[in-house]
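Engineer: One structure follows; several queries about it will come next.
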Amino acid sequence: MPDVQSMVVEFVNKLRKRKIEGSQATAKYTVELLRSVISQHRVPHANQAAALIDAVKAVGEQLVAANPVELAVGNVVRRVLHIIREEDLSLTTAAMAGLDLLDASDDDDEDNCKGIGYPAMSAAVVAAARSTLRPPSLQTLLEGTPESATVPYTSSSGADSESKSKSADKSSITRKLKHDVIEGVNQLIHEIAGCHEQIAEQAIEHIHQNEVILTLGSSRTVLEFLCAAKEKKRSFRVFVAEGAPRYQGHLLAKELVARGLQTTVITDSAVFAMISRVNMVIIGAHAVMANGGVIGPVGVNMAALAAQKHAVPFVVLAGSHKLCPLYPHNPEVLLNELRSPSELLDFGEFSDCLDFGAGSGSPLLQVVNPTFDYVPPNLVSLFITDTGGHNPSYMYRLIADYYSADDLVM
Amino acid sequence: MDTRRGALAVPKVRRVGFFTSIEPPPDSQRPNRSQSGPVEATTSSSPLSNSPSGNLISPVLIPPSRHRSDNLTSRAAAPVPVPGPSAFRRHLAHDRSLHVGSYNPADSLLGTSPPSSIGEFSEDSVSLFGFQRSDSAKLSSSFPNGGFDLTLAVRAPQESESRIANSSASQGIKKNVEVSGKSETVTTQSKKEKESKSLKEKTSKAERRAIQEAQRAAKAAAKGEGSRRAEDSGRANPGKAAKQPQLKKEKLPVTSSVSEKKAAVEKERKMDVPQTQMQYDDKNRVEKAKKRAVVEQTESKNKVELFLHLPQYERGNQLLNLSSNIFTLDTIHHAVYKVGLLHLAGDISGDNARCIAMLQAFQEAIQDYTTPPKKDLTMDLTAKINGYVSFLIECRPLSMSMGNAIRFLKNQIRKLPGNLSESEAKASLCSEIGRFIGEKIVLADKVIVQHAVTKIRDGEVLLTYGYSCVVEMILLYAHEIGKKFRVVIVDSRPNLEGQKLLRRLVTRGLDCTYTHINGISYIMREATRVFLGASSIFSNGTLYSRVGTACVAMVANAFSVPVIVCCEAYKFHERVLLDSICSNELGDPDAIANIPSFRTNAKHSKTMENKKNLQYLNLMYDSTPSEYISMIVTDYGMIPPTSIPVIVREYRREHLLL
């Protein structure tokens with residue numbers, strides 16, 4: 001326990017000091033931390049899923065509080081919670097089905113007296129499990145009417161069955177839950193690590209010969225995406241906006257050149273001038289909100305507006321860990337972060353202007369250096385995630401697959 | 001009326017038609033005319049003498065463009081530059097004389113004779129300079145009524161008279177063509193084609209003859225009258241076989257002089273129309289320019305393909321070369337040289353500053369100028385100025401406003417009265433330049449400030465981009481008169497001009513917020529107005545300004561914040577521009593490559609230098625579509641961008657350049 005606690009503290013400190021850059025790295029650290037939290041958490045016999053959820057939530061709250069604008073942390077915590085809930089549910093249904101089977105086989109003779117309660121309950125559980133786990137098919141839709149009538153008592157009976165199964169269970173099931181959850185978390189780690197390849201695989205479908213692509217900010221996803229198209233013998237040119245004041249565009253440009261792509265670095269102010277000669281704008285998102293809005297590196301909104309003006313497709317690449325289930329309110333301000341003014345102004349040079357003692361005492365000079373930009377969904381043409389391309393209007397549905405509704409408010 | 005005019009006109013018309021190259025000296029022309037027709041004549045003569053062509057070439061025979069388009073068919077058929085209208089008319093007249101039984105003898109006489117067409121030309125030349133046909137018609141009517149004074153000097157009345165006759169005659173012909181031409185169009189067409197074919201065969205011969213004729217024209221003026229008259233009388237009752245060669249003979253001198261005039265007009269027009277920017281992907285012209293170049297430029301190795309039409313040179317070494325050459329170069333005046341160096345080094349930036357510096361250098365150069373012996377001040381000084389300008393262009397491409405200023409200066413030189421002594425001419429030029437600076441730049445700025453300040457209210461947040469001296473003046477003035485507002489300064493790399501503005505405003509006590517262009521969407525929600533400076537505004541309303549202006553205007557538009565552009569009217573330009581690619585200026589790419597506080601900067605740039613794939617593009621300007629601009633504050637007042645062409649076309653001629 002103590003070493004998990006120290007790991008959490010260390011990670012929180014890193015997040016606070018913004019030592020970890022990029023949502024992918026953050027997501028990876030978070031999920032690994034949560035895995036060790038889960039694996040080292042001693043689960044009680046009763047209601048172990050709830051205990052796990054509580055433990056993960058407690059850690060998650062700390063992490064989110066450490067850097068509220070790094071939405072990937074919250075996303076990953078929610079993903080892990082969702083995994084726990086899902087595994088628990090599937091275990092329960094499996095157990096119930098097993099019980100049911102046992103009942104059906106062993107207690108054939110007792111069927112008339114006891115079986116009245118059990119089959120009805122198990123059917124409800126199975127239906128509940130089906131409705132949560134499976135995509136809505138025509139069949140479930142048609143079946144939905146009787147189910148919805150039984151919903152209130154399904155849940156109560158589900159809880160009933162859970163406690164019953166737990167009371168009746170063997171210790172193997174408790175260990176199985178933890179094992180399954182860790183398995184699921186490992187899968188998540190794998191998914192986060194592999195999202196670049198998944199996204200890059202689709203590059204060939206979107207980039208044609210002689211295309212001119214504008215990108216800004218430094219995103220590994222974009223880099224891999226472009227290189228994947230390059231490897232498939234497509235030749236195209238890339239304009240990279242330098243991304244002042246952090247100049248990440250220069251880093252990206254150098255990476256691209258190292259991989260043999262024809263790259264031109266432009267100033268951020270030239271985005272509008274150049275966009276008329278650009279066929280596609282590709283950016284990597286910092287986070288994708290449930291309404292299809294994008295939080296990206298600063299300057300993205302400008303590029304998106306310019307792209308809209310010139311009818312240039314604006315494509316956002318986002319791994320699934322960037323999909324945030326929250327609907328943003330005033331994201332430009334609330335989900336933004338102001339960095340040090342020293343990136344813009346040299347303190348030494350402007351020290352004479354920074355004298356606040358003169359006059360009314362309030363500072364005459366303010367420097368605003370935002371980190372992120374919000375792009376409203378109507379400016380985005382396409383999202384490319386590891387599951388394929390999606391419209392901005394579809395994002396809420398995609399996001400609903402990854403998270404359970406109970407975790408939205410942590 | 002027709003008969004009377006015919007009798008009067010015939011002999012004199014001939015004369016004018018054939019002796020286009022002898023031209024009565026303008027001095028003698030003017031008084032005579034004013035005598036003959038006190039009011040109308042003066043007005044009709046003044047445009048001619050005022051017009052740029054009036055002094056140099058005879059007032060007649062300036063082919064109006066609409067005739068060309070009228071007679072496209074005949075032009076297409078004739079390979080030589082035969083003046084379409086005259087040929088056409090003449091054929092028509094022939095045909096009429098041949099086919100139509102009853103016709104007005106006077107009209108046909110005029111019609112068959114070339115002068116009628118020339119008269120048409122002269123009339124058009126009048127209308128070309130802004131005078132309508134009604135003027136000449138008035139003239140023609142006023143003369144007979146007022147009584148023609150026969151005691152006048154011979155030549156002048158003949159001149160004016162012939163014009164009168166011509167104009168009326170040509171009108172008559174036109175009427176005739178309208179009336180009778182319809183029935184004969186088919187035959188006319190076929191005849192005309194035949195004729196043009198035969199013309200084609202004899203082109204070379206005809207041309208040679210034309211040249212000879214043109215050379216001889218002056219000599220022939222004195223003695224030719226009699227013989228011509230004979231010829232004409234021969235032609236008046238024409239036989240077709242006899243007609244053909246004669247026709248050519250007479251047409252060709254006309255042709256040559258017309259083409260001469262055409263060339264002259266073309267030249268005029270070229271001087272008027274702003275020079276198109278040199279396209280640097282045109283190898284020949286680049287080579288030529290290089291030979292003339294004073295500044296040694298090495299082409300950059302890693303050019304941006306999209307901008308091959310713009311000069312892309314290696315930076316850093318020109319300044320050294322130039323400053324070492326300073327004592328050896330004597331073709332460039334030292335003041336101009338200094339301005340060139342300042343431009344090259346980037347020590348002067350901002351359109352107004354550059355323009356004023358250039359004009360003052362020219363002023364100095366003109367003061368030090370002496371006309372070499374046997375040379376004309378106008379021509380030589382223009383050539384000198386051209387040399388200076390091309391030197392400045394080598395140092396840094398001129399801005400649109402500087403181009404306008406240079407056009408103004410050249411116009412002034414061209415318009416110098418011939419009777420001025422050299423010192424007087426120089427003094428007048430210098431004072432004109434001073435007036436331009438004072439009126440078009442300094443005073444204009446003051447007017448703009450007065451206008452723009454009315455748009456600032458208390459509690460507003462004004463956003464501005466980069467550094468514009470007009471915007472700075474507006475903000476400081478508004479602060480001075482006690483308005484309470486906040487300023488947001490948006491800046492961008494690599495020049496970071498906004499810091500200059502920031503410093504000036506903060507030291508004057510204005511409340512400022514500073515951010516970079518990427519943060520524009522964040523800061524725009526606070527802004528209530530956007531003030532922008534301009535490098536130029538084109539006649540389609542496009543704003544050509546420091547790169548990034550378009551981004552600011554676009555985001556402001558997206559946030560529904562009004563965009564106010566402050567621009568002096570001398571920066572307006574009649575060009576049109578759609579994008580920022582075709583016309584732009586490229587800055588030093590290294591300025592982008594070198595990033596402040598980039599840790600591995602030096603190492604990276606070293607290793608990346610020979611990478612072929614990596615290019616840095618440093619655009620200097622961009623163009624903002626007019627739909628993003630709410631208002632333009634200029635010295636003529638506050639106008640929408642759609643009114644730019646009005647200002648450019650209407651005001652330029654009178655107020656700006658003259």
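Please note that chains go A, B, ... in the order of the structure tokens, that every chain numbers its residues from 1, and that ligands are numbered from 1 in the order shown.
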Please determine the contact residues of chain B with respect to chain A at a cut-off of 9 Å, counting only C-alpha atoms, and supply them as a count of residues only.
Structural biologist: 58
Engineer: I need the residues in stretch 340-526 of chain B that are helix (DSSP H, G or I) according to DSSP; give them as a ChimeraX atom specification.
Structural biologist: /B:340-345,351-367,377-395,400-414,422-453,469-480,498-507,517-524
Engineer: Just want the 9 Å neighbourhood of A:Gln62, counted on only C-alpha atoms, with same-chain residues fewer than 6 positions away dropped. Output as a PyMOL selection string.
Structural biologist: chain A and resi 8-9+12
Engineer: Which residues are near B:Ile629? Cut-off 12 Å, only C-alpha atoms, ignore same chain within fewer than 3 positions. Put them as a short mmCIF file (atom, residue, chain, number, x, y, z; two decimals) with N, CA and C atoms, in the first residue's frame.
Structural biologist:
data_model
loop_
_atom_site.label_atom_id
_atom_site.label_comp_id
_atom_site.auth_asym_id
_atom_site.auth_seq_id
_atom_site.Cartn_x
_atom_site.Cartn_y
_atom_site.Cartn_z
N ARG B 529 -13.47 46.04 -30.53
CA ARG B 529 -13.15 46.62 -31.83
C ARG B 529 -11.75 46.20 -32.23
N VAL B 530 -11.56 46.06 -33.50
CA VAL B 530 -10.24 45.72 -34.00
C VAL B 530 -9.76 46.86 -34.90
N PHE B 531 -8.61 47.38 -34.60
CA PHE B 531 -8.01 48.43 -35.44
C PHE B 531 -6.81 47.84 -36.15
N LEU B 532 -6.79 47.99 -37.46
CA LEU B 532 -5.69 47.43 -38.23
C LEU B 532 -5.06 48.50 -39.12
N GLY B 533 -3.79 48.37 -39.31
CA GLY B 533 -3.11 49.22 -40.29
C GLY B 533 -3.10 48.52 -41.63
N ALA B 534 -2.59 49.20 -42.63
CA ALA B 534 -2.60 48.59 -43.96
C ALA B 534 -1.33 48.94 -44.70
N ILE B 537 -4.48 48.93 -50.02
CA ILE B 537 -5.81 48.37 -50.22
C ILE B 537 -6.07 48.38 -51.71
N GLY B 541 -11.16 45.85 -52.81
CA GLY B 541 -11.41 45.90 -51.37
C GLY B 541 -10.50 45.02 -50.56
N THR B 542 -9.62 44.29 -51.22
CA THR B 542 -8.70 43.42 -50.50
C THR B 542 -7.68 44.25 -49.75
N LEU B 543 -7.50 43.89 -48.52
CA LEU B 543 -6.52 44.60 -47.69
C LEU B 543 -5.20 43.83 -47.74
N TYR B 544 -4.17 44.54 -48.12
CA TYR B 544 -2.85 43.92 -48.22
C TYR B 544 -2.03 44.47 -47.07
N THR B 549 -2.59 39.71 -40.48
CA THR B 549 -3.74 40.61 -40.42
C THR B 549 -5.01 39.87 -40.84
N ALA B 550 -4.87 39.04 -41.84
CA ALA B 550 -6.04 38.31 -42.32
C ALA B 550 -6.57 37.38 -41.24
N CYS B 551 -5.67 36.75 -40.51
CA CYS B 551 -6.10 35.87 -39.41
C CYS B 551 -6.88 36.66 -38.39
N VAL B 552 -6.35 37.80 -38.02
CA VAL B 552 -6.99 38.62 -36.99
C VAL B 552 -8.37 39.05 -37.48
N ALA B 553 -8.43 39.50 -38.73
CA ALA B 553 -9.71 39.96 -39.26
C ALA B 553 -10.71 38.82 -39.33
N MET B 554 -10.21 37.65 -39.71
CA MET B 554 -11.10 36.50 -39.83
C MET B 554 -11.68 36.10 -38.47
N VAL B 555 -10.81 36.03 -37.47
CA VAL B 555 -11.28 35.64 -36.15
C VAL B 555 -12.21 36.70 -35.60
N ALA B 556 -11.89 37.97 -35.84
CA ALA B 556 -12.78 39.04 -35.38
C ALA B 556 -14.14 38.89 -36.03
N ASN B 557 -14.13 38.55 -37.31
CA ASN B 557 -15.38 38.35 -38.01
C ASN B 557 -16.16 37.18 -37.41
N ALA B 558 -15.44 36.12 -37.06
CA ALA B 558 -16.11 34.96 -36.46
C ALA B 558 -16.70 35.31 -35.10
N SER B 560 -17.79 38.29 -34.39
CA SER B 560 -18.65 39.46 -34.64
C SER B 560 -18.09 40.72 -34.01
N VAL B 561 -16.82 40.91 -34.16
CA VAL B 561 -16.20 42.14 -33.68
C VAL B 561 -15.90 42.99 -34.92
N PRO B 562 -16.32 44.25 -34.91
CA PRO B 562 -16.06 45.08 -36.09
C PRO B 562 -14.56 45.31 -36.33
N VAL B 563 -14.20 45.27 -37.58
CA VAL B 563 -12.81 45.46 -37.97
C VAL B 563 -12.68 46.81 -38.68
N ILE B 564 -11.86 47.66 -38.13
CA ILE B 564 -11.67 48.99 -38.71
C ILE B 564 -10.25 49.09 -39.23
N VAL B 565 -10.14 49.39 -40.50
CA VAL B 565 -8.82 49.48 -41.12
C VAL B 565 -8.48 50.95 -41.31
N CYS B 566 -7.30 51.33 -40.90
CA CYS B 566 -6.86 52.72 -41.06
C CYS B 566 -5.81 52.77 -42.15
N SER B 623 -3.26 38.92 -47.75
CA SER B 623 -4.38 39.73 -48.20
C SER B 623 -5.64 39.29 -47.48
N THR B 624 -6.35 40.27 -46.99
CA THR B 624 -7.57 40.03 -46.25
C THR B 624 -8.76 40.28 -47.16
N PRO B 625 -9.63 39.32 -47.31
CA PRO B 625 -10.80 39.56 -48.15
C PRO B 625 -11.65 40.69 -47.59
N SER B 626 -12.32 41.38 -48.49
CA SER B 626 -13.01 42.59 -48.06
C SER B 626 -14.19 42.28 -47.13
N ILE B 632 -13.28 51.24 -43.50
CA ILE B 632 -11.94 51.73 -43.77
C ILE B 632 -11.92 53.21 -43.44
N VAL B 633 -11.01 53.59 -42.56
CA VAL B 633 -10.87 55.00 -42.23
C VAL B 633 -9.75 55.55 -43.09
N ILE B 639 -15.25 54.82 -44.99
CA ILE B 639 -15.93 54.23 -46.14
C ILE B 639 -15.96 52.72 -45.99
N PRO B 640 -16.91 52.07 -46.63
CA PRO B 640 -16.87 50.60 -46.68
C PRO B 640 -15.86 50.15 -47.73
N PRO B 641 -15.40 48.91 -47.65
CA PRO B 641 -14.38 48.46 -48.62
C PRO B 641 -14.88 48.48 -50.06
N THR B 642 -16.18 48.46 -50.23
CA THR B 642 -16.69 48.48 -51.60
C THR B 642 -16.47 49.83 -52.27
N ILE B 644 -13.70 51.47 -52.27
CA ILE B 644 -12.30 51.69 -52.63
C ILE B 644 -12.13 52.00 -54.11
#
Engineer: Provide the atom CA of B:Gly350 to atom CA of B:His309 distance in Å, to one decimal place.
Structural biologist: 23.8 Å
Engineer: DSSP on the backbone: what in stretch 245-312 of chain A comes out strand (DSSP E or B), as a PyMOL selection string?
Structural biologist: chain A and resi 262-266+280-284+287-288+294-297
Engineer: So how far away is atom CA of A:Val222 from atom CA of A:Leu379, in Å?
Structural biologist: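 Computing the Euclidean distance for atom CA of A:Leu379 and atom CA of A:Val222 yields 18.7 Å.
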Engineer: Record the distance separating atom CA of A:Met280 and atom CA of A:Ala307, expressed in Å with one decimal.
Structural biologist: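 Separation between atom CA of A:Met280 and atom CA of A:Ala307: 8.2 Å.
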Engineer: Do you know which residues are at most 8 Å from B:Tyr477 counting only C-alpha atoms, after dropping those on the same chain fewer than 4 positions away, and could you put them as a ChimeraX atom specification?
Structural biologist: /B:449,453,473,481
